[in-house]
Structure formats: structure tokens, C-alpha cells
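*Asks:* Sharing final_3.cif (mmCIF, C-alpha atoms) below.
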```
data_final
loop_
_atom_site.label_atom_id
_atom_site.label_comp_id
_atom_site.auth_asym_id
_atom_site.auth_seq_id
_atom_site.Cartn_x
_atom_site.Cartn_y
_atom_site.Cartn_z
CA GLU A 53 5.26 -8.90 29.35
CA GLU A 54 7.55 -11.71 30.47
CA LEU A 55 9.58 -11.34 27.28
CA GLN A 56 9.98 -7.63 27.96
CA LYS A 57 11.30 -8.35 31.46
CA ILE A 58 13.82 -10.85 30.11
CA SER A 59 14.84 -8.45 27.35
CA SER A 60 15.27 -5.60 29.83
CA SER A 61 17.32 -7.80 32.16
CA PHE A 62 19.54 -8.95 29.30
CA ARG A 63 19.97 -5.38 28.11
CA GLY A 64 21.13 -4.37 31.59
CA PHE A 65 23.57 -7.28 31.66
CA LEU A 66 25.06 -6.24 28.32
CA ALA A 67 25.39 -2.62 29.44
CA SER A 68 27.10 -3.52 32.72
CA SER A 69 29.40 -5.98 30.92
CA SER A 70 30.42 -3.32 28.39
CA GLN A 71 31.11 -0.89 31.21
CA PHE A 72 33.29 -3.50 32.94
CA TYR A 73 35.44 -4.10 29.85
CA HIS A 74 35.86 -0.37 29.24
CA MET A 75 37.08 0.03 32.82
CA LEU A 76 39.37 -2.97 32.38
CA LEU A 77 40.84 -1.46 29.22
CA ASP A 78 41.74 1.72 31.13
CA LYS A 79 43.38 -0.25 33.93
CA LEU A 80 45.34 -2.44 31.50
CA LYS A 81 46.66 0.57 29.62
CA GLU A 82 47.55 2.28 32.88
CA LYS A 83 49.44 -0.80 34.15
CA TYR A 84 51.15 -2.03 30.98
CA GLY A 85 51.27 0.99 28.68
CA ASP A 86 50.95 0.64 24.90
CA ASP A 87 53.71 -1.82 24.01
CA ASP A 88 53.84 -4.55 26.67
CA ILE A 89 52.74 -7.83 25.07
CA ARG A 90 50.72 -8.85 28.15
CA GLY A 91 48.72 -5.66 27.95
CA LEU A 92 48.28 -5.95 24.18
CA VAL A 93 46.91 -9.50 24.41
CA SER A 94 44.51 -8.60 27.21
CA ARG A 95 43.26 -5.44 25.50
CA HIS A 96 42.91 -7.40 22.27
CA ARG A 97 40.56 -9.82 24.04
CA CYS A 98 38.63 -7.01 25.68
CA TYR A 99 37.87 -5.41 22.32
CA ILE A 100 36.66 -8.74 20.93
CA PHE A 101 34.36 -9.15 23.94
CA LEU A 102 33.06 -5.60 23.49
CA GLY A 103 32.37 -6.33 19.83
CA ASP A 104 30.49 -9.48 20.78
CA LEU A 105 28.42 -7.58 23.33
CA ALA A 106 27.48 -4.96 20.73
CA ARG A 107 26.58 -7.77 18.33
CA TYR A 108 24.39 -9.47 20.93
CA HIS A 109 22.63 -6.18 21.59
CA LYS A 110 21.67 -6.10 17.93
CA ASP A 111 19.54 -9.19 18.50
CA LEU A 112 17.44 -7.65 21.25
CA VAL A 113 13.73 -7.22 20.62
CA GLY A 114 12.75 -3.60 20.02
CA LEU A 115 16.28 -2.41 19.27
CA GLU A 116 15.26 0.19 16.70
CA LYS A 117 12.65 1.59 19.09
CA GLU A 118 15.51 2.64 21.33
CA GLY A 119 16.78 4.96 18.61
CA MET A 120 19.74 2.88 17.46
CA SER A 121 19.43 1.08 14.12
CA ILE A 122 20.79 -2.38 13.46
CA THR A 123 23.29 -0.84 11.04
CA GLN A 124 24.62 1.44 13.80
CA GLU A 125 24.86 -1.49 16.21
CA LEU A 126 26.81 -3.59 13.70
CA SER A 127 29.11 -0.66 12.92
CA GLN A 128 29.89 -0.32 16.62
CA ALA A 129 30.67 -4.02 16.88
CA GLU A 130 32.88 -3.85 13.79
CA ALA A 131 34.78 -0.88 15.20
CA TYR A 132 35.67 -2.91 18.30
CA TYR A 133 36.78 -5.89 16.20
CA LYS A 134 38.97 -3.64 14.08
CA LEU A 135 40.59 -2.22 17.20
CA ALA A 136 41.32 -5.78 18.32
CA ALA A 137 42.81 -6.64 14.93
CA GLY A 138 44.97 -3.52 15.02
CA LEU A 139 46.42 -4.45 18.41
CA LEU A 140 47.27 -8.04 17.48
CA PRO A 141 47.31 -8.50 13.68
CA ILE A 142 48.68 -12.06 13.97
CA ASN A 143 45.42 -13.29 15.54
CA GLY A 144 42.60 -14.28 13.18
CA ASN A 145 39.72 -14.12 15.68
CA PRO A 146 38.66 -10.48 15.03
CA HIS A 147 38.47 -11.05 11.27
CA ASN A 148 36.19 -14.05 11.82
CA GLN A 149 33.88 -11.85 13.87
CA ILE A 150 33.90 -9.16 11.18
CA ALA A 151 32.95 -11.85 8.66
CA VAL A 152 29.99 -12.82 10.84
CA LEU A 153 28.83 -9.18 10.77
CA ALA A 154 29.10 -9.19 6.97
CA THR A 155 26.74 -12.18 6.83
CA TYR A 156 24.17 -10.13 8.78
CA ARG A 157 24.32 -7.59 5.93
CA ASP A 158 24.13 -10.31 3.25
CA ASP A 159 27.58 -9.16 2.09
CA GLU A 160 28.98 -12.44 0.76
CA LEU A 161 32.13 -10.92 -0.68
CA GLY A 162 32.93 -9.09 2.55
CA ALA A 163 32.33 -12.24 4.59
CA VAL A 164 34.57 -14.43 2.40
CA TYR A 165 37.27 -11.75 2.41
CA SER A 166 37.26 -11.52 6.21
CA TYR A 167 37.17 -15.30 6.69
CA CYS A 168 40.21 -15.52 4.41
CA ARG A 169 41.99 -12.90 6.48
CA SER A 170 41.09 -14.85 9.61
CA LEU A 171 42.89 -17.90 8.22
CA ALA A 172 45.84 -16.17 6.55
CA VAL A 173 47.62 -15.07 9.72
CA LYS A 174 50.23 -16.55 12.04
CA HIS A 175 47.54 -17.67 14.50
CA PRO A 176 44.48 -18.50 12.36
CA PHE A 177 41.01 -18.75 13.86
CA THR A 178 40.39 -22.36 12.84
CA ALA A 179 36.58 -22.16 13.13
CA ALA A 180 36.68 -19.71 10.21
CA ARG A 181 37.44 -22.63 7.93
CA GLU A 182 34.13 -24.34 8.72
CA ASN A 183 32.32 -21.00 8.53
CA LEU A 184 33.81 -20.44 5.09
CA ILE A 185 32.73 -23.89 3.90
CA LEU A 186 29.15 -23.18 5.05
CA LEU A 187 29.18 -19.83 3.28
CA PHE A 188 30.47 -21.39 0.07
CA GLU A 189 27.63 -23.94 0.22
CA LYS A 190 25.06 -21.14 0.48
CA ASN A 191 26.77 -19.47 -2.46
CA ARG A 192 26.58 -22.70 -4.49
CA ILE A 193 22.80 -22.75 -4.02
CA LYS A 194 22.59 -19.06 -4.89
CA VAL A 195 24.44 -19.58 -8.18
CA GLN A 196 22.10 -22.44 -9.06
CA GLU A 197 19.13 -20.12 -8.51
CA ILE A 198 20.73 -17.46 -10.71
CA LYS A 199 21.07 -20.01 -13.51
CA LYS A 200 17.39 -20.94 -13.23
CA VAL A 201 16.27 -17.31 -13.53
CA GLY A 202 18.31 -16.85 -16.71
CA LYS A 203 19.14 -13.90 -18.92
CA ALA A 204 16.11 -11.79 -17.97
CA HIS A 205 17.45 -11.56 -14.43
CA LYS A 206 21.01 -10.83 -15.55
CA ASN A 207 19.99 -7.91 -17.74
CA GLN A 208 18.17 -6.15 -14.91
CA GLN A 209 19.98 -3.10 -13.58
CA GLY A 210 22.18 -3.89 -10.59
CA ASN A 211 22.17 -7.63 -11.15
CA GLN A 212 25.25 -7.89 -13.36
CA LEU A 213 27.77 -7.11 -10.61
CA ARG A 214 25.83 -9.20 -8.09
CA ASP A 215 25.82 -12.20 -10.41
CA PHE A 216 29.52 -11.78 -11.25
CA LEU A 217 30.46 -11.71 -7.56
CA ALA A 218 28.32 -14.78 -6.91
CA LYS A 219 30.13 -16.70 -9.68
CA PHE A 220 33.52 -15.39 -8.54
CA LEU A 221 32.86 -16.77 -5.06
CA ARG A 222 31.54 -20.01 -6.53
CA LEU A 223 34.85 -20.42 -8.34
CA HIS A 224 36.78 -19.99 -5.10
CA GLY A 225 34.35 -22.23 -3.27
CA MET A 226 35.24 -25.02 -5.68
CA ILE A 227 38.94 -24.42 -5.10
CA PHE A 228 38.62 -24.23 -1.33
CA THR A 229 36.33 -27.23 -0.82
CA ARG A 230 37.64 -29.19 -3.83
CA THR A 231 34.07 -30.16 -4.72
CA GLY A 232 32.02 -29.56 -7.85
CA LEU A 233 35.20 -29.36 -9.90
CA GLU A 234 33.47 -30.89 -12.92
CA GLY A 235 31.92 -27.46 -13.51
CA PHE A 236 35.09 -25.51 -12.76
CA ASN A 237 36.03 -24.64 -16.36
CA THR A 238 32.56 -23.30 -17.12
CA VAL A 239 32.51 -21.04 -14.06
CA LEU A 240 36.10 -19.95 -14.69
CA SER A 241 35.19 -18.99 -18.26
CA ASP A 242 32.21 -16.91 -17.05
CA VAL A 243 34.32 -15.13 -14.42
CA LEU A 244 37.20 -14.34 -16.78
CA ARG A 245 34.79 -13.06 -19.41
CA ASP A 246 33.38 -10.42 -17.06
CA LEU A 247 36.38 -9.76 -14.83
CA THR A 248 38.10 -7.04 -16.89
CA ARG A 249 34.86 -5.13 -17.44
CA HIS A 250 34.09 -5.01 -13.73
CA ILE A 251 37.67 -4.07 -12.81
CA LEU A 252 37.51 -1.11 -15.20
CA ARG A 253 34.04 -0.10 -14.06
CA HIS A 254 34.86 -0.30 -10.34
CA ALA A 255 38.50 0.85 -10.36
CA GLY A 256 39.40 2.27 -6.95
CA ASP A 257 36.48 0.51 -5.26
CA PRO A 258 37.26 -1.69 -2.21
CA ILE A 259 35.59 -4.52 -4.14
CA ILE A 260 38.66 -4.80 -6.39
CA LEU A 261 41.02 -5.08 -3.43
CA ARG A 262 38.88 -7.88 -2.00
CA LEU A 263 38.81 -9.75 -5.31
CA PHE A 264 42.60 -9.70 -5.54
CA ALA A 265 43.04 -10.60 -1.86
CA ILE A 266 40.76 -13.62 -2.22
CA ASN A 267 42.65 -14.69 -5.35
CA ILE A 268 45.97 -14.51 -3.48
CA PHE A 269 44.51 -16.40 -0.53
CA SER A 270 43.26 -19.20 -2.77
CA VAL A 271 46.67 -19.66 -4.36
CA PHE A 272 48.43 -19.60 -1.01
CA ASN A 273 45.86 -21.96 0.52
CA VAL A 274 46.38 -24.53 -2.25
CA VAL A 275 50.17 -24.28 -1.92
CA GLU A 276 50.04 -24.63 1.86
CA GLY A 277 47.56 -27.51 1.71
CA GLY A 278 44.73 -25.82 3.59
CA LEU A 279 45.27 -22.85 5.92
CA GLY A 280 43.70 -23.25 9.34
CA SER A 281 43.18 -26.99 8.88
CA HIS A 282 45.95 -28.06 11.27
#
```
Can the structure in the file be given as C-alpha cells, please?
*Replies:*
Amino acid sequence: EELQKISSSFRGFLASSSQFYHMLLDKLKEKYGDDDIRGLVSRHRCYIFLGDLARYHKDLVGLEKEGMSITQELSQAEAYYKLAAGLLPINGNPHNQIAVLATYRDDELGAVYSYCRSLAVKHPFTAARENLILLFEKNRIKVQEIKKVGKAHKNQQGNQLRDFLAKFLRLHGMIFTRTGLEGFNTVLSDVLRDLTRHILRHAGDPIILRLFAINIFSVFNVVEGGLGSH
């Protein structure tokens, strides 16, 4: 009963906070219009806050009983973050938040892609670098588990793409963290062996765009000596 009271109170706080930021957005647009940089920066922050509030609401006990699924809640949060990114593309914060949402869905590729975008802008969100390192460590453990399961696992339907993506991210994890490089050639060979087949099979899929974007980021990151590290 006490937990329900706390949950209800927190839910009310989130609702009133969301209402406040929506009102603030209207006032900012009315005062500054669409192009004034002061208005753009302030609205950008408001959308990030609204995304965070929607994300916090996802964590409330009994969320699905209210008729809104976790997927819907995350989609709402992501929509706010994308609005923020559209207003101020040079800021990496919204992409970091989108990456966090991807981790909720166990979408490793989406998370790495968004963390990379968060770092590859004029004003990178520096915390994304540490988040990316943590994600690459989880991926390293995942690839080790895949190796233990062996060929029986790989031949199961649906596992081939999943395993390829895991190894692809392991390859970039090695490049980004500069650790485990003694196994780099083996992982590179595995990735190159399957890359063409998956590109042909998934042509036109957003997965391909993300693969290429992560490749470009890795090259640029090596050349620049570590984006978001300064």
C-alpha cells in the first residue's frame, strides 16, 4: 500500500512536470519564433527533459495496467529525443538518450549506432564514451558465450544475423577500446566472411545504414584520436 502511494505521487509529479514543459515550449515558440538560437537551445532542452520524463514513467510499477505498454512509453520518449536532435543537430545529448532506450530493448546495434552519433557531432555528449565502453564490454562477454554454444546455436533460425552483429560490434569494440587486439584478425575474418551475404540479404534495411555509419565512425575516431575524450 505504501509503495502504491509513492508510485501514485511520483506519477502525478511526472504528469505535472510534462505539462509544465509543454507549456514552456509554447511560450518559448511564441516569444522567440522558430529560428532564434536562444529559443532553439531552450526548446531543445525541453524536449530532452520530456523524453526523460517519459522514460522515467516507463519504470513505474503497474505501467501496463494503465493501458500503455513499455514499448509505447519508450516510443514516446524516443520521439521527444528525436525532436530535440532535429532542433540542435550539433548537440550529442539526444542521441545518447536514444541509445539508452535501445539498451532497454536489447538492441545492441541501435545503441552503439546512437552512441556513435552522440560522439560524432560538434558538441559531443562525453558520457556517451563511457557508456559505449560499458556496452562493448557486455558485447565481449556475449561473443564469448556464443563461442561456447558452438555451431548448433549458429545454425538455428534467426541466430545467424544475431551472431554476425555481435561479432561486428566486437570488432568495433576492439578498435574503440584498443583492448583484446590479439584476437582482432580472427574476428575480422569472421565478419568479412559473412558481411557480403548479410548486405545482400538485408539490402534496404536500416541495419545496413547503421553498419556503414559505425564503420565510418570507427575510422574517424581512430584518425581523431578518440572523439568525445577531450
*Asks:* Show which residues sit within 10 Å of Ser70 in chain A, as a ChimeraX atom specification. Count only C-alpha atoms, and ignore same-chain residues fewer than 2 positions away.
*Replies:* /A:64-68,72-76,98-99,101-106
*Asks:* Go through the shown structure with the PyMOL selection byres ((chain A and resi 261-264) around 12) and write out the matching residues as a PyMOL selection string.
*Replies:* chain A and resi 160-169+216-221+223-224+243+247-248+250-251+254-260+265-271
*Asks:* Which residues, protein or nucleic acid, reach to within 7 Å of (34.3, -18.8, 2.0) in the file's coordinates when using only C-alpha atoms, and can you give that as a ChimeraX atom specification?
*Replies:* /A:164,167,184-185,187-188,225
*Asks:* If you apply the PyMOL selection byres ((chain A and resi 144) around 9) to this file, what residues do you get, as number ranges by chain?
*Replies:* A: 137, 140-143, 145-148, 167, 169-178, 180
*Asks:* Write a file of the selected residues as a tab-separated table (two decimals), in the frame of the given file, keeping C-alpha atoms.
*Replies:*
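Output saved as out-v5.tsv:
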```tsv
chain	number	residue	atom	x	y	z
A	137	ALA	CA	42.81	-6.64	14.93
A	140	LEU	CA	47.27	-8.04	17.48
A	141	PRO	CA	47.31	-8.50	13.68
A	142	ILE	CA	48.68	-12.06	13.97
A	143	ASN	CA	45.42	-13.29	15.54
A	145	ASN	CA	39.72	-14.12	15.68
A	146	PRO	CA	38.66	-10.48	15.03
A	147	HIS	CA	38.47	-11.05	11.27
A	148	ASN	CA	36.19	-14.05	11.82
A	167	TYR	CA	37.17	-15.30	6.69
A	169	ARG	CA	41.99	-12.90	6.48
A	170	SER	CA	41.09	-14.85	9.61
A	171	LEU	CA	42.89	-17.90	8.22
A	172	ALA	CA	45.84	-16.17	6.55
A	173	VAL	CA	47.62	-15.07	9.72
A	174	LYS	CA	50.23	-16.55	12.04
A	175	HIS	CA	47.54	-17.67	14.50
A	176	PRO	CA	44.48	-18.50	12.36
A	177	PHE	CA	41.01	-18.75	13.86
A	178	THR	CA	40.39	-22.36	12.84
A	180	ALA	CA	36.68	-19.71	10.21
```
*Asks:* Which one of A:Tyr108, A:Val201, A:His96, A:Gln56 sits closest to Ser69 in chain A if you count all atoms listed in the file?
*Replies:* A:Tyr108
*Asks:* Please measure the separation of CA of Arg157 in chain A and CA of Leu126 in chain A, giving the value in Å to one decimal.
*Replies:*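 These two atoms are separated by 9.1 Å.
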*Asks:* In Å to one decimal, how far is CA of Gln212 in chain A from CA of Arg192 in chain A?
*Replies:*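 Between CA of Arg192 in chain A and CA of Gln212 in chain A the gap works out to 17.3 Å.
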*Asks:* Would you work out the distance separating CA of Phe236 in chain A from CA of Tyr156 in chain A, expressed in Å to one decimal?
*Replies:* 28.6 Å
*Asks:* If I wrap all listed atoms of range 80-97 of chain A in a box with edges along x, y and z and add 8 Å on each side, what are its centre and edge lengths in Å to one decimal, as AutoDock Vina command-line options?
*Replies:*
```
--center_x 47.2 --center_y -3.8 --center_z 28.2 --size_x 29.3 --size_y 28.1 --size_z 27.9
```
*Asks:* Quick one: of A:Asn183, A:Arg90, A:Leu213, A:Arg95, who's nearest to Asp78 in chain A, counting only C-alpha atoms?
*Replies:* A:Arg95
*Asks:* Extract, using all atoms listed in the file, all DNA, RNA and protein residues at most 12 Å from Gly235 in chain A, discarding same-chain residues fewer than 3 positions from it, and format them as a ChimeraX atom specification.
*Replies:* /A:192,196,219,222-223,225-227,230-232,238-242
*Asks:* When you count all atoms listed in the file, which of these residues is closest to Gly91 in chain A: A:Leu233, A:Leu77, A:Ala136, A:Ala154?
*Replies:*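 Among A:Leu233, A:Leu77, A:Ala136, A:Ala154, it is A:Leu77 that comes nearest to Gly91 in chain A.
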*Asks:* Would you please work out which residue, of A:Asp86, A:Thr229, A:Thr155, A:Asp246, is nearest to Gly277 in chain A when using all atoms listed in the file?
*Replies:*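 Closest to Gly277 in chain A, using all atoms listed in the file: A:Thr229.
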*Asks:* So, counting all atoms listed in the file, which residue among A:Arg181, A:Tyr132, A:Asp215, A:Ser94 is closest to Glu197 in chain A?
*Replies:*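 Residue with the minimum atom-to-atom distance to Glu197 in chain A: A:Asp215.
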